[in-house]
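K.L.:
My structure is stored as start-v4.cif, with mmCIF, C-alpha atoms and all ligand atoms.
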```cif
data_upload
#
loop_
_atom_site.label_atom_id
_atom_site.label_comp_id
_atom_site.auth_asym_id
_atom_site.auth_seq_id
_atom_site.Cartn_x
_atom_site.Cartn_y
_atom_site.Cartn_z
CA MET A 1 138.17 112.86 147.82
CA LYS A 2 139.91 113.93 144.62
CA HIS A 3 139.55 117.69 145.20
CA LEU A 4 140.83 117.45 148.74
CA LYS A 5 143.76 115.29 147.69
CA GLN A 6 144.86 117.87 145.14
CA GLN A 7 144.18 121.03 147.14
CA ASP A 8 145.17 120.07 150.66
CA PRO A 9 147.38 116.99 150.91
CA ALA A 10 148.00 117.42 154.66
CA VAL A 11 144.31 117.24 155.56
CA TYR A 12 143.70 114.55 152.93
CA GLU A 13 146.45 112.36 154.40
CA ALA A 14 145.13 112.81 157.95
CA ILE A 15 141.65 111.74 156.83
CA ARG A 16 143.11 108.72 155.01
CA GLY A 17 145.05 107.88 158.14
CA GLU A 18 141.90 108.06 160.26
CA ILE A 19 139.99 105.83 157.84
CA LYS A 20 142.81 103.28 158.00
CA ARG A 21 142.86 103.50 161.79
CA GLN A 22 139.12 102.89 161.90
CA GLN A 23 139.41 99.98 159.46
CA GLU A 24 142.30 98.24 161.16
CA GLY A 25 141.33 98.91 164.76
CA MET A 26 138.85 97.14 167.00
CA GLU A 27 136.55 99.96 168.09
CA LEU A 28 135.09 99.22 171.51
CA ILE A 29 134.36 102.75 172.75
CA ALA A 30 130.74 102.32 173.81
CA SER A 31 129.66 105.68 172.40
CA GLU A 32 131.21 105.29 168.94
CA ASN A 33 129.96 103.71 165.74
CA TYR A 34 130.48 103.66 161.96
CA VAL A 35 127.90 105.64 159.97
CA SER A 36 126.96 104.47 156.49
CA GLU A 37 128.45 105.99 153.38
CA ALA A 38 125.02 107.52 152.63
CA VAL A 39 125.16 109.34 156.00
CA LEU A 40 128.70 110.51 155.21
CA GLU A 41 127.57 111.86 151.84
CA ALA A 42 124.68 113.83 153.36
CA LEU A 43 127.01 115.15 156.07
CA GLY A 44 129.46 116.37 153.44
CA SER A 45 126.71 118.02 151.37
CA ALA A 46 126.12 121.65 150.34
CA PHE A 47 123.68 122.07 153.25
CA THR A 48 126.72 123.11 155.25
CA ASN A 49 126.51 126.44 153.40
CA LYS A 50 123.02 127.31 154.58
CA TYR A 51 121.78 129.41 157.47
CA SER A 52 118.26 128.49 158.58
CA GLU A 53 117.49 129.99 161.98
CA GLY A 54 113.96 129.19 163.05
CA TYR A 55 111.89 126.11 162.23
CA PRO A 56 110.26 124.75 159.04
CA ALA A 57 107.95 127.41 157.51
CA LYS A 58 109.07 129.90 160.21
CA ARG A 59 112.62 130.86 159.25
CA TYR A 60 114.42 134.14 159.58
CA TYR A 61 116.33 133.95 156.27
CA GLY A 62 115.22 133.21 152.70
CA GLY A 63 116.11 130.25 150.51
CA GLN A 64 114.63 127.56 152.75
CA THR A 65 112.86 125.31 150.22
CA TYR A 66 115.18 122.38 150.78
CA THR A 67 116.10 122.92 154.42
CA ASP A 68 112.39 122.66 155.29
CA ILE A 69 112.11 119.40 153.33
CA ILE A 70 115.10 117.92 155.14
CA GLU A 71 114.10 119.01 158.64
CA ASN A 72 110.51 117.77 158.15
CA ILE A 73 111.74 114.39 156.89
CA ALA A 74 114.01 114.03 159.94
CA ILE A 75 111.17 114.94 162.33
CA GLU A 76 108.64 112.62 160.69
CA ARG A 77 111.06 109.67 160.67
CA ALA A 78 112.04 110.26 164.29
CA LYS A 79 108.35 110.39 165.27
CA LYS A 80 107.75 107.06 163.55
CA LEU A 81 110.70 105.46 165.31
CA PHE A 82 110.14 106.79 168.82
CA GLY A 83 106.46 107.72 168.87
CA ALA A 84 107.10 111.14 170.42
CA GLU A 85 104.46 113.89 170.34
CA HIS A 86 107.02 116.58 169.48
CA ILE A 87 110.61 116.42 168.23
CA ASN A 88 113.30 119.05 167.85
CA VAL A 89 116.22 117.87 165.69
CA GLN A 90 118.34 121.01 165.97
CA PRO A 91 120.49 120.49 169.11
CA LEU A 92 124.11 120.42 168.01
CA SER A 93 124.92 117.50 170.30
CA GLY A 94 124.04 115.83 173.59
CA ALA A 95 125.38 118.41 176.06
CA PRO A 96 123.55 121.28 174.30
CA ALA A 97 120.40 119.12 174.12
CA ASN A 98 120.50 118.67 177.89
CA MET A 99 121.16 122.35 178.58
CA ILE A 100 118.27 123.29 176.28
CA ALA A 101 115.94 120.86 178.04
CA TYR A 102 116.91 122.14 181.50
CA SER A 103 116.50 125.76 180.49
CA ALA A 104 113.08 125.05 178.93
CA VAL A 105 111.53 123.93 182.21
CA LEU A 106 113.78 125.06 185.06
CA GLN A 107 114.73 128.35 186.67
CA PRO A 108 118.27 129.01 187.97
CA GLY A 109 118.66 127.42 191.39
CA ASP A 110 115.96 124.78 190.80
CA LYS A 111 116.66 121.32 192.15
CA VAL A 112 117.24 118.28 189.90
CA LEU A 113 117.75 114.66 190.93
CA GLY A 114 120.31 113.10 188.57
CA MET A 115 122.48 110.00 188.54
CA ASP A 116 125.97 110.26 190.03
CA LEU A 117 128.72 110.24 187.37
CA SER A 118 130.73 107.47 189.02
CA HIS A 119 127.62 105.29 189.13
CA GLY A 120 127.19 105.57 185.37
CA GLY A 121 125.57 109.01 185.03
CA HIS A 122 126.84 111.73 182.71
CA LEU A 123 128.84 114.93 183.25
CA THR A 124 125.92 117.03 182.05
CA HIS A 125 123.62 115.45 184.63
CA GLY A 126 124.98 117.80 187.23
CA HIS A 127 128.63 117.05 187.78
CA PRO A 128 130.10 120.02 189.71
CA VAL A 129 132.55 120.90 186.89
CA THR A 130 129.72 121.65 184.42
CA LEU A 131 127.81 124.82 183.65
CA SER A 132 124.53 123.02 184.39
CA ALA A 133 125.68 122.48 187.99
CA LYS A 134 126.53 126.17 188.33
CA ILE A 135 123.01 127.14 187.24
CA TYR A 136 120.88 124.40 188.80
CA ASN A 137 121.06 122.58 192.08
CA PHE A 138 121.78 118.93 191.30
CA ILE A 139 121.33 116.24 193.91
CA ARG A 140 122.84 112.95 192.81
CA TYR A 141 121.45 109.47 193.38
CA LYS A 142 123.49 106.28 193.25
CA THR A 143 123.12 102.59 192.56
CA GLU A 144 123.10 99.94 195.27
CA LYS A 145 125.72 97.22 195.88
CA ASN A 146 123.67 94.89 193.64
CA GLY A 147 124.11 97.36 190.78
CA LYS A 148 120.45 98.37 190.70
CA ILE A 149 118.75 101.65 191.51
CA ASN A 150 116.77 101.44 194.75
CA TYR A 151 113.52 103.11 193.69
CA LYS A 152 112.18 103.21 197.22
CA LYS A 153 115.22 105.23 198.29
CA LEU A 154 114.91 107.40 195.18
CA GLU A 155 111.32 108.12 196.11
CA GLU A 156 112.31 109.03 199.68
CA MET A 157 115.01 111.33 198.30
CA ALA A 158 112.50 112.95 195.97
CA LEU A 159 109.96 113.44 198.77
CA GLN A 160 112.62 115.05 200.95
CA GLU A 161 114.32 117.21 198.30
CA LYS A 162 111.20 118.12 196.30
CA PRO A 163 113.09 118.52 192.99
CA LYS A 164 111.64 120.33 189.98
CA MET A 165 113.04 117.62 187.72
CA ILE A 166 113.85 113.93 188.02
CA LEU A 167 116.48 112.92 185.52
CA ALA A 168 117.16 109.38 184.34
CA GLY A 169 119.82 108.23 181.90
CA PHE A 170 123.51 107.43 181.82
CA SER A 171 126.73 107.03 179.92
CA ALA A 172 128.25 104.03 181.68
CA TYR A 173 125.35 102.30 183.47
CA THR A 174 124.53 98.92 182.03
CA ARG A 175 121.16 97.86 183.43
CA GLN A 176 117.62 98.43 182.22
CA LEU A 177 115.88 101.29 184.02
CA ASP A 178 112.36 100.99 185.38
CA TYR A 179 110.71 103.81 183.42
CA GLN A 180 107.38 103.44 185.19
CA LYS A 181 109.01 103.92 188.60
CA PHE A 182 110.72 107.14 187.46
CA ARG A 183 107.42 108.38 186.12
CA ASP A 184 105.51 107.51 189.31
CA ILE A 185 108.08 109.22 191.55
CA ALA A 186 108.13 112.37 189.38
CA LYS A 187 104.34 112.46 189.42
CA LYS A 188 104.20 112.02 193.19
CA VAL A 189 106.44 115.04 193.81
CA GLY A 190 105.16 117.15 190.92
CA ALA A 191 108.52 117.10 189.06
CA VAL A 192 109.18 117.11 185.33
CA SER A 193 110.51 113.71 184.27
CA MET A 194 113.40 113.65 181.85
CA ILE A 195 115.56 110.86 180.45
CA ASP A 196 118.77 111.10 178.44
CA ILE A 197 118.86 108.11 176.07
CA ALA A 198 122.06 109.10 174.23
CA HIS A 199 123.66 105.70 174.68
CA ILE A 200 120.65 103.51 174.04
CA ALA A 201 118.71 105.43 171.36
CA GLY A 202 119.62 102.86 168.68
CA LEU A 203 118.60 99.96 170.91
CA ILE A 204 115.24 101.65 171.45
CA ALA A 205 114.80 102.51 167.76
CA GLY A 206 115.66 98.91 166.91
CA LYS A 207 113.11 97.66 169.48
CA ALA A 208 115.74 95.66 171.35
CA ILE A 209 114.89 97.34 174.67
CA PRO A 210 111.74 99.11 175.92
CA ASN A 211 110.94 102.61 174.68
CA PRO A 212 110.92 105.26 177.46
CA VAL A 213 109.23 107.94 175.34
CA PRO A 214 105.67 107.19 176.57
CA TYR A 215 106.81 107.49 180.20
CA PHE A 216 108.85 110.71 180.27
CA ASP A 217 107.95 114.37 179.73
CA ILE A 218 111.25 115.09 177.99
CA VAL A 219 113.68 112.74 176.26
CA THR A 220 117.10 113.90 175.04
CA THR A 221 119.58 111.99 172.95
CA THR A 222 122.63 112.17 170.82
CA THR A 223 122.32 110.72 167.33
CA HIS A 224 125.78 109.23 166.80
CA LYS A 225 126.05 106.37 169.27
CA THR A 226 123.92 103.21 168.92
CA LEU A 227 121.59 105.18 166.61
CA ARG A 228 124.49 105.26 164.12
CA GLY A 229 123.94 108.73 162.73
CA PRO A 230 125.97 111.93 162.42
CA ARG A 231 127.21 113.65 165.58
CA GLY A 232 124.19 115.60 166.82
CA GLY A 233 121.37 115.85 169.31
CA MET A 234 117.61 115.55 169.44
CA ILE A 235 114.92 116.40 172.00
CA MET A 236 111.56 114.63 172.18
CA CYS A 237 108.79 115.79 174.45
CA ARG A 238 105.12 115.84 175.23
CA GLU A 239 103.20 118.49 173.26
CA LYS A 240 102.80 120.41 176.52
CA TYR A 241 106.55 121.24 176.49
CA ALA A 242 106.94 121.67 172.71
CA GLU A 243 106.91 125.45 172.59
CA ALA A 244 109.21 125.82 175.59
CA ILE A 245 111.72 123.33 174.14
CA ASP A 246 111.73 124.94 170.70
CA LYS A 247 112.19 128.43 172.14
CA ALA A 248 114.90 127.25 174.52
CA CYS A 249 116.77 125.73 171.57
CA PHE A 250 116.42 128.69 169.20
CA PRO A 251 116.78 131.53 170.00
CA GLY A 252 117.41 130.58 173.65
CA PHE A 253 120.61 128.58 173.35
CA GLN A 254 121.66 128.10 169.74
CA GLY A 255 121.84 130.06 166.50
CA GLY A 256 121.51 128.47 163.08
CA PRO A 257 121.00 124.71 163.02
CA HIS A 258 123.58 122.62 161.18
CA MET A 259 121.51 121.55 158.21
CA HIS A 260 124.14 119.18 156.78
CA GLN A 261 123.99 117.37 160.13
CA ILE A 262 120.18 117.30 160.02
CA ALA A 263 120.30 115.96 156.44
CA ALA A 264 122.59 113.16 157.61
CA LEU A 265 120.30 112.55 160.60
CA ALA A 266 117.34 112.16 158.22
CA VAL A 267 119.31 109.50 156.34
CA CYS A 268 120.27 107.67 159.54
CA LEU A 269 116.66 107.70 160.78
CA GLY A 270 115.59 106.26 157.41
CA GLU A 271 118.10 103.46 157.92
CA ALA A 272 116.87 102.85 161.46
CA LEU A 273 113.31 102.42 160.15
CA LYS A 274 114.39 99.46 158.01
CA PRO A 275 113.85 95.96 159.45
CA ASP A 276 117.56 95.07 159.37
CA PHE A 277 118.23 97.80 161.94
CA GLN A 278 116.20 95.71 164.40
CA ASP A 279 118.49 92.75 163.68
CA TYR A 280 121.44 95.06 164.33
CA ALA A 281 120.04 96.25 167.67
CA ARG A 282 119.28 92.70 168.83
CA GLN A 283 122.76 91.57 167.83
CA ILE A 284 124.31 94.36 169.91
CA ILE A 285 122.54 93.01 172.99
CA LYS A 286 123.64 89.44 172.23
CA ASN A 287 127.23 90.54 171.67
CA ALA A 288 127.33 92.54 174.90
CA LYS A 289 125.99 89.53 176.82
CA VAL A 290 128.78 87.35 175.40
CA LEU A 291 131.28 90.06 176.34
CA GLU A 292 130.00 89.97 179.92
CA THR A 293 129.90 86.17 180.15
CA GLU A 294 133.37 85.68 178.68
CA LEU A 295 134.99 88.32 180.87
CA LYS A 296 133.39 86.69 183.91
CA LYS A 297 134.92 83.36 182.86
CA TYR A 298 138.32 85.05 183.18
CA HIS A 299 137.27 86.31 186.65
CA TYR A 300 137.02 89.96 185.65
CA LYS A 301 134.88 92.01 188.02
CA ILE A 302 131.88 93.35 186.06
CA MET A 303 130.18 96.37 187.58
CA PHE A 304 126.41 96.53 188.19
CA GLY A 305 126.36 92.71 188.06
CA GLY A 306 126.24 92.52 184.26
CA THR A 307 124.65 94.21 181.30
CA ASP A 308 121.24 94.64 179.68
CA ASN A 309 122.48 96.99 176.98
CA HIS A 310 125.46 97.51 174.67
CA MET A 311 128.35 97.81 177.12
CA VAL A 312 130.03 96.53 180.24
CA LEU A 313 131.93 98.42 182.91
CA VAL A 314 134.89 96.42 184.24
CA ASP A 315 136.83 97.01 187.44
CA VAL A 316 140.27 96.11 186.05
CA TYR A 317 142.14 97.44 189.08
CA ASN A 318 140.49 95.00 191.46
CA SER A 319 140.48 92.21 188.88
CA ILE A 320 144.10 92.19 187.67
CA GLY A 321 145.83 95.08 189.43
CA LEU A 322 146.12 97.34 186.36
CA THR A 323 144.55 100.79 186.45
CA GLY A 324 142.04 101.82 183.80
CA LYS A 325 144.67 104.06 182.24
CA GLU A 326 147.25 101.28 182.07
CA ALA A 327 144.69 98.93 180.54
CA GLU A 328 143.62 101.53 177.97
CA ILE A 329 147.26 102.12 176.94
CA ALA A 330 148.07 98.40 176.69
CA LEU A 331 144.97 97.75 174.58
CA ASP A 332 145.72 100.74 172.35
CA LYS A 333 148.99 99.01 171.49
CA VAL A 334 147.13 96.00 170.10
CA GLY A 335 144.61 98.12 168.18
CA ILE A 336 141.75 97.60 170.65
CA THR A 337 140.29 101.00 171.43
CA LEU A 338 138.23 101.60 174.56
CA ASN A 339 138.19 104.08 177.41
CA LYS A 340 139.25 104.14 181.03
CA ASN A 341 136.27 104.84 183.24
CA VAL A 342 135.47 105.49 186.87
CA ILE A 343 133.59 102.80 188.76
CA PRO A 344 131.00 103.53 191.48
CA ASP A 345 132.59 105.70 194.21
CA ASP A 346 135.97 105.11 192.62
CA PRO A 347 138.77 105.94 195.07
CA ARG A 348 141.06 106.54 192.05
CA PRO A 349 141.10 109.80 190.03
CA PRO A 350 139.13 110.15 186.74
CA LEU A 351 142.31 110.33 184.62
CA ASP A 352 143.62 107.09 186.13
CA PRO A 353 140.50 105.31 187.39
CA SER A 354 139.86 101.70 188.36
CA GLY A 355 137.76 100.74 185.38
CA ILE A 356 137.41 100.40 181.65
CA ARG A 357 134.19 100.68 179.65
CA ILE A 358 133.73 98.28 176.75
CA GLY A 359 130.97 98.61 174.14
CA VAL A 360 130.02 96.62 171.07
CA PRO A 361 127.92 98.90 168.78
CA ALA A 362 130.77 99.61 166.34
CA VAL A 363 132.06 96.05 165.98
CA THR A 364 128.46 94.87 165.57
CA THR A 365 128.05 97.34 162.70
CA ARG A 366 131.03 95.62 161.06
CA GLY A 367 129.10 92.35 161.23
CA MET A 368 130.93 90.77 164.16
CA LYS A 369 128.94 88.27 166.19
CA GLU A 370 129.32 86.03 169.24
CA LYS A 371 132.31 84.14 167.81
CA GLU A 372 134.29 87.31 167.17
CA ILE A 373 133.39 88.78 170.57
CA LYS A 374 134.90 85.69 172.21
CA MET A 375 138.10 86.26 170.20
CA ILE A 376 138.14 89.92 171.24
CA VAL A 377 137.78 89.02 174.93
CA HIS A 378 140.59 86.50 174.59
CA TRP A 379 142.85 89.22 173.11
CA ILE A 380 141.88 91.73 175.81
CA VAL A 381 142.73 89.25 178.56
CA ASP A 382 145.95 88.20 176.84
CA ALA A 383 147.08 91.77 176.18
CA LEU A 384 146.43 92.86 179.76
CA LYS A 385 148.27 89.82 181.10
CA ASN A 386 151.25 90.68 178.87
CA TYR A 387 150.95 94.44 179.08
CA ASN A 388 154.74 94.96 179.31
CA ASN A 389 155.69 92.36 176.70
CA ASP A 390 155.94 94.34 173.46
CA ASN A 391 156.54 91.27 171.27
CA LYS A 392 153.42 89.58 172.56
CA LEU A 393 151.41 92.80 172.13
CA GLU A 394 152.62 93.14 168.54
CA SER A 395 151.59 89.58 167.72
CA ILE A 396 148.11 90.21 169.17
CA ARG A 397 147.94 93.42 167.12
CA GLN A 398 148.53 91.45 163.93
CA GLU A 399 145.70 89.05 164.84
CA VAL A 400 143.40 92.02 165.53
CA ILE A 401 144.22 93.57 162.15
CA ALA A 402 143.63 90.25 160.38
CA LEU A 403 140.15 89.93 161.90
CA CYS A 404 139.30 93.56 161.14
CA LYS A 405 140.22 93.01 157.49
CA LYS A 406 137.59 90.29 157.31
CA PHE A 407 134.95 92.83 158.44
CA PRO A 408 135.72 95.91 156.34
CA VAL A 409 134.33 99.41 156.72
CA TYR A 410 134.37 102.17 154.09
CA GLU A 411 135.88 100.10 151.32
CA LYS A 412 134.84 102.60 148.67
CA THR A 413 135.66 105.80 150.57
CA SER A 414 139.24 104.76 151.24
N1 LIG A 501 131.39 111.07 175.59
C1 LIG A 501 130.20 110.25 175.61
C2 LIG A 501 130.46 108.88 176.05
O1 LIG A 501 131.51 108.36 175.72
O2 LIG A 501 129.64 108.27 176.74
C3 LIG A 501 129.10 110.84 176.40
O3 LIG A 501 128.96 112.16 176.14
#
```
How does this structure look as structure tokens?
Ligand code: DSN
P.N.:
Amino acid sequence: MKHLKQQDPAVYEAIRGEIKRQQEGMELIASENYVSEAVLEALGSAFTNKYSEGYPAKRYYGGQTYTDIIENIAIERAKKLFGAEHINVQPLSGAPANMIAYSAVLQPGDKVLGMDLSHGGHLTHGHPVTLSAKIYNFIRYKTEKNGKINYKKLEEMALQEKPKMILAGFSAYTRQLDYQKFRDIAKKVGAVSMIDIAHIAGLIAGKAIPNPVPYFDIVTTTTHKTLRGPRGGMIMCREKYAEAIDKACFPGFQGGPHMHQIAALAVCLGEALKPDFQDYARQIIKNAKVLETELKKYHYKIMFGGTDNHMVLVDVYNSIGLTGKEAEIALDKVGITLNKNVIPDDPRPPLDPSGIRIGVPAVTTRGMKEKEIKMIVHWIVDALKNYNNDNKLESIRQEVIALCKKFPVYEKTS
């Protein structure tokens, strides 16, 4: 970063500070990860200068020789990984991807069945504060006491409500979905089936969990979570919806795609096609299972009964009497970063909920395995037990830093 250092020391220092924070901290936010240096280089490339409205070979501006190459590489690699009939790599992120998908197949006022936010769903799946909920009529389904979706009830709901779309997917739900059941219910009521795989795209690409693409009409995702790419979005769909999705993206919702982001996505998809990405995805699942088992040993209440993916949702309030916010703050002090999170039908408010969400994709990228996860759980439990003992928290922080140093990230970039 020699030019930046010379020209703009304030920004340079903030970036250095962030790199140090990422190196010395234990990153357990379930939706975060560390991209490779190759992805960073593509993201910081001259493609950021280019406007390229339209699609490969059908652009509105000149000078598209290299943008077409990049976008086609990204699409081809994504097709190989996910087996989709059609892929659009232009959505700027997950929320735009979902809005684009809705607008491609729905009319204002149409009904959608989506998962309730407090049961693990996502804001953009129809939470009342979002634009999508102002345009479409979302009916929200929930999980049962056993942490599973009751597909019989979901079917009854679908038969009664007659939605135009049935939406699967989540941002804090930890169990494997039954893709076939979603497909059957959608078919029975003549609804479009859609799934948002933002959290689990990397697990699917790495073949650690089943691929929903053959079952759903439309699949949306972000590209920066378990998939370990640049911040961005992607929509996959059956050929039948290809034209509607592309038109809804551009010119319907967005202007020029961010080609530097698509270049970095192409690099990340290339990485995900390599065999070691499958090892990575499998290790995420193993690490999350250890996280669950260890926390249970300390009598922490794990929501949905456990995990089948990369994260766990913990009811800290009813386990140890700390709120999610208090737990997040205490863990921040020891360099363990995670987020407070609502639990199903949480009586507490979203800014001070009952739960915390813990995910392992980022620490797994660093090379941490079962042994390190056990150490992390021990520190979490210890820090929360001693949340008002600053000396104790500082000594845990030093242990966290020492372990992080053994698993470096961005050695060269720093
Ligand atoms: N903010 C993301 C997450 O943390 O799950 C979802 O958009």
K.L.:
For a quick check of understanding, using all atoms listed in the file, which of A:Arg397, A:Lys145, A:Lys134, A:Arg140 has the smallest distance to Gly305 (chain A)?
P.N.:
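Distance minimum relative to Gly305 (chain A) lands on A:Lys145.
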K.L.:
Hey, which bits of chain A sit within 7 Å of ligand LIG 501 (chain A), and for each residue what's the closest pair of atoms and how far apart in Å (one decimal), counting all atoms listed in the file, rows by chain and increasing number, as a Markdown table?
P.N.:
```
| residue | atom | partner | partner_atom | distance |
| --- | --- | --- | --- | --- |
| A:Ile29 | CA | A:LIG501 | O1 | 7.0 |
| A:Ala30 | CA | A:LIG501 | O1 | 6.4 |
| A:Ser31 | CA | A:LIG501 | O1 | 4.7 |
| A:Gly94 | CA | A:LIG501 | O3 | 6.6 |
| A:His122 | CA | A:LIG501 | C3 | 6.8 |
| A:Ser171 | CA | A:LIG501 | O2 | 4.5 |
| A:Ala172 | CA | A:LIG501 | O2 | 6.7 |
| A:His199 | CA | A:LIG501 | O2 | 6.8 |
```
K.L.:
Please provide as a list in words all residues within 10 Å of Ile185 (chain A), with the sequence filter that same-chain residues fewer than 6 positions apart are discarded (counting all atoms listed in the file).
P.N.:
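Near neighbours after the sequence-gap exclusion: Tyr151, Lys152, Leu154, Glu155, Glu156, Met157, Ala158, Leu159, Ile166, Ala191 and Ser193 of chain A.
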K.L.:
Selection from above, C-alpha atoms, as a tab-separated table (two decimals), in the coordinates of the input, can you write it?
P.N.:
```tsv
chain	number	residue	atom	x	y	z
A	151	TYR	CA	113.52	103.11	193.69
A	152	LYS	CA	112.18	103.21	197.22
A	154	LEU	CA	114.91	107.40	195.18
A	155	GLU	CA	111.32	108.12	196.11
A	156	GLU	CA	112.31	109.03	199.68
A	157	MET	CA	115.01	111.33	198.30
A	158	ALA	CA	112.50	112.95	195.97
A	159	LEU	CA	109.96	113.44	198.77
A	166	ILE	CA	113.85	113.93	188.02
A	191	ALA	CA	108.52	117.10	189.06
A	193	SER	CA	110.51	113.71	184.27
```
K.L.:
Quick one, how far is CA of Phe407 (chain A) from CA of Asn341 (chain A)?
P.N.:
27.6 Å
K.L.:
Tell me, in Å to one decimal, how far CA of Gly121 (chain A) is from CA of Ser354 (chain A).
P.N.:
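That distance, rounded to one decimal, is 16.4 Å.
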K.L.:
Using CA of Thr223 (chain A) and CA of Val363 (chain A) as the two end points, give the distance in Å to one decimal.
P.N.:
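Pair CA of Thr223 (chain A) / CA of Val363 (chain A) returns 17.7 Å.
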K.L.:
Please return region 308-314 of chain A, rebuilt to all heavy atoms, as a PDB file, keeping the file's coordinate frame.
P.N.:
```pdb
ATOM      1  N   ASP A 308     122.484  94.819 180.441  1.00  0.00           N
ATOM      2  CA  ASP A 308     121.240  94.640 179.680  1.00  0.00           C
ATOM      3  C   ASP A 308     121.299  95.479 178.412  1.00  0.00           C
ATOM      4  O   ASP A 308     120.314  95.560 177.685  1.00  0.00           O
ATOM      5  CB  ASP A 308     120.028  95.123 180.497  1.00  0.00           C
ATOM      6  CG  ASP A 308     119.894  94.391 181.810  1.00  0.00           C
ATOM      7  OD1 ASP A 308     120.082  93.159 181.815  1.00  0.00           O
ATOM      8  OD2 ASP A 308     119.613  95.044 182.841  1.00  0.00           O
ATOM      9  N   ASN A 309     122.436  96.154 178.178  1.00  0.00           N
ATOM     10  CA  ASN A 309     122.480  96.990 176.980  1.00  0.00           C
ATOM     11  C   ASN A 309     123.710  96.677 176.121  1.00  0.00           C
ATOM     12  O   ASN A 309     123.998  95.507 175.886  1.00  0.00           O
ATOM     13  CB  ASN A 309     122.341  98.481 177.345  1.00  0.00           C
ATOM     14  CG  ASN A 309     123.370  98.982 178.345  1.00  0.00           C
ATOM     15  OD1 ASN A 309     124.515  98.525 178.373  1.00  0.00           O
ATOM     16  ND2 ASN A 309     122.978  99.924 179.176  1.00  0.00           N
ATOM     17  N   HIS A 310     124.405  97.690 175.678  1.00  0.00           N
ATOM     18  CA  HIS A 310     125.460  97.510 174.670  1.00  0.00           C
ATOM     19  C   HIS A 310     126.868  97.557 175.237  1.00  0.00           C
ATOM     20  O   HIS A 310     127.829  97.597 174.488  1.00  0.00           O
ATOM     21  CB  HIS A 310     125.321  98.645 173.639  1.00  0.00           C
ATOM     22  CG  HIS A 310     125.431  99.994 174.286  1.00  0.00           C
ATOM     23  ND1 HIS A 310     124.497 100.443 175.197  1.00  0.00           N
ATOM     24  CD2 HIS A 310     126.382 100.959 174.226  1.00  0.00           C
ATOM     25  CE1 HIS A 310     124.867 101.638 175.644  1.00  0.00           C
ATOM     26  NE2 HIS A 310     125.997 101.974 175.070  1.00  0.00           N
ATOM     27  N   MET A 311     126.992  97.624 176.555  1.00  0.00           N
ATOM     28  CA  MET A 311     128.350  97.810 177.120  1.00  0.00           C
ATOM     29  C   MET A 311     128.484  97.131 178.475  1.00  0.00           C
ATOM     30  O   MET A 311     127.496  96.765 179.114  1.00  0.00           O
ATOM     31  CB  MET A 311     128.627  99.314 177.274  1.00  0.00           C
ATOM     32  CG  MET A 311     127.658 100.038 178.175  1.00  0.00           C
ATOM     33  SD  MET A 311     127.960 101.827 178.179  1.00  0.00           S
ATOM     34  CE  MET A 311     126.423 102.417 178.886  1.00  0.00           C
ATOM     35  N   VAL A 312     129.743  96.981 178.883  1.00  0.00           N
ATOM     36  CA  VAL A 312     130.030  96.530 180.240  1.00  0.00           C
ATOM     37  C   VAL A 312     131.040  97.491 180.861  1.00  0.00           C
ATOM     38  O   VAL A 312     131.838  98.099 180.146  1.00  0.00           O
ATOM     39  CB  VAL A 312     130.602  95.087 180.305  1.00  0.00           C
ATOM     40  CG1 VAL A 312     129.605  94.061 179.838  1.00  0.00           C
ATOM     41  CG2 VAL A 312     131.891  94.963 179.525  1.00  0.00           C
ATOM     42  N   LEU A 313     130.959  97.617 182.163  1.00  0.00           N
ATOM     43  CA  LEU A 313     131.930  98.420 182.910  1.00  0.00           C
ATOM     44  C   LEU A 313     132.727  97.432 183.757  1.00  0.00           C
ATOM     45  O   LEU A 313     132.138  96.656 184.522  1.00  0.00           O
ATOM     46  CB  LEU A 313     131.200  99.446 183.778  1.00  0.00           C
ATOM     47  CG  LEU A 313     132.071 100.422 184.567  1.00  0.00           C
ATOM     48  CD1 LEU A 313     132.902 101.313 183.638  1.00  0.00           C
ATOM     49  CD2 LEU A 313     131.190 101.318 185.454  1.00  0.00           C
ATOM     50  N   VAL A 314     134.055  97.432 183.591  1.00  0.00           N
ATOM     51  CA  VAL A 314     134.890  96.420 184.240  1.00  0.00           C
ATOM     52  C   VAL A 314     135.823  97.088 185.245  1.00  0.00           C
ATOM     53  O   VAL A 314     136.478  98.081 184.925  1.00  0.00           O
ATOM     54  CB  VAL A 314     135.759  95.694 183.179  1.00  0.00           C
ATOM     55  CG1 VAL A 314     136.499  94.522 183.817  1.00  0.00           C
ATOM     56  CG2 VAL A 314     134.919  95.228 182.011  1.00  0.00           C
TER      57      VAL A 314
END
```
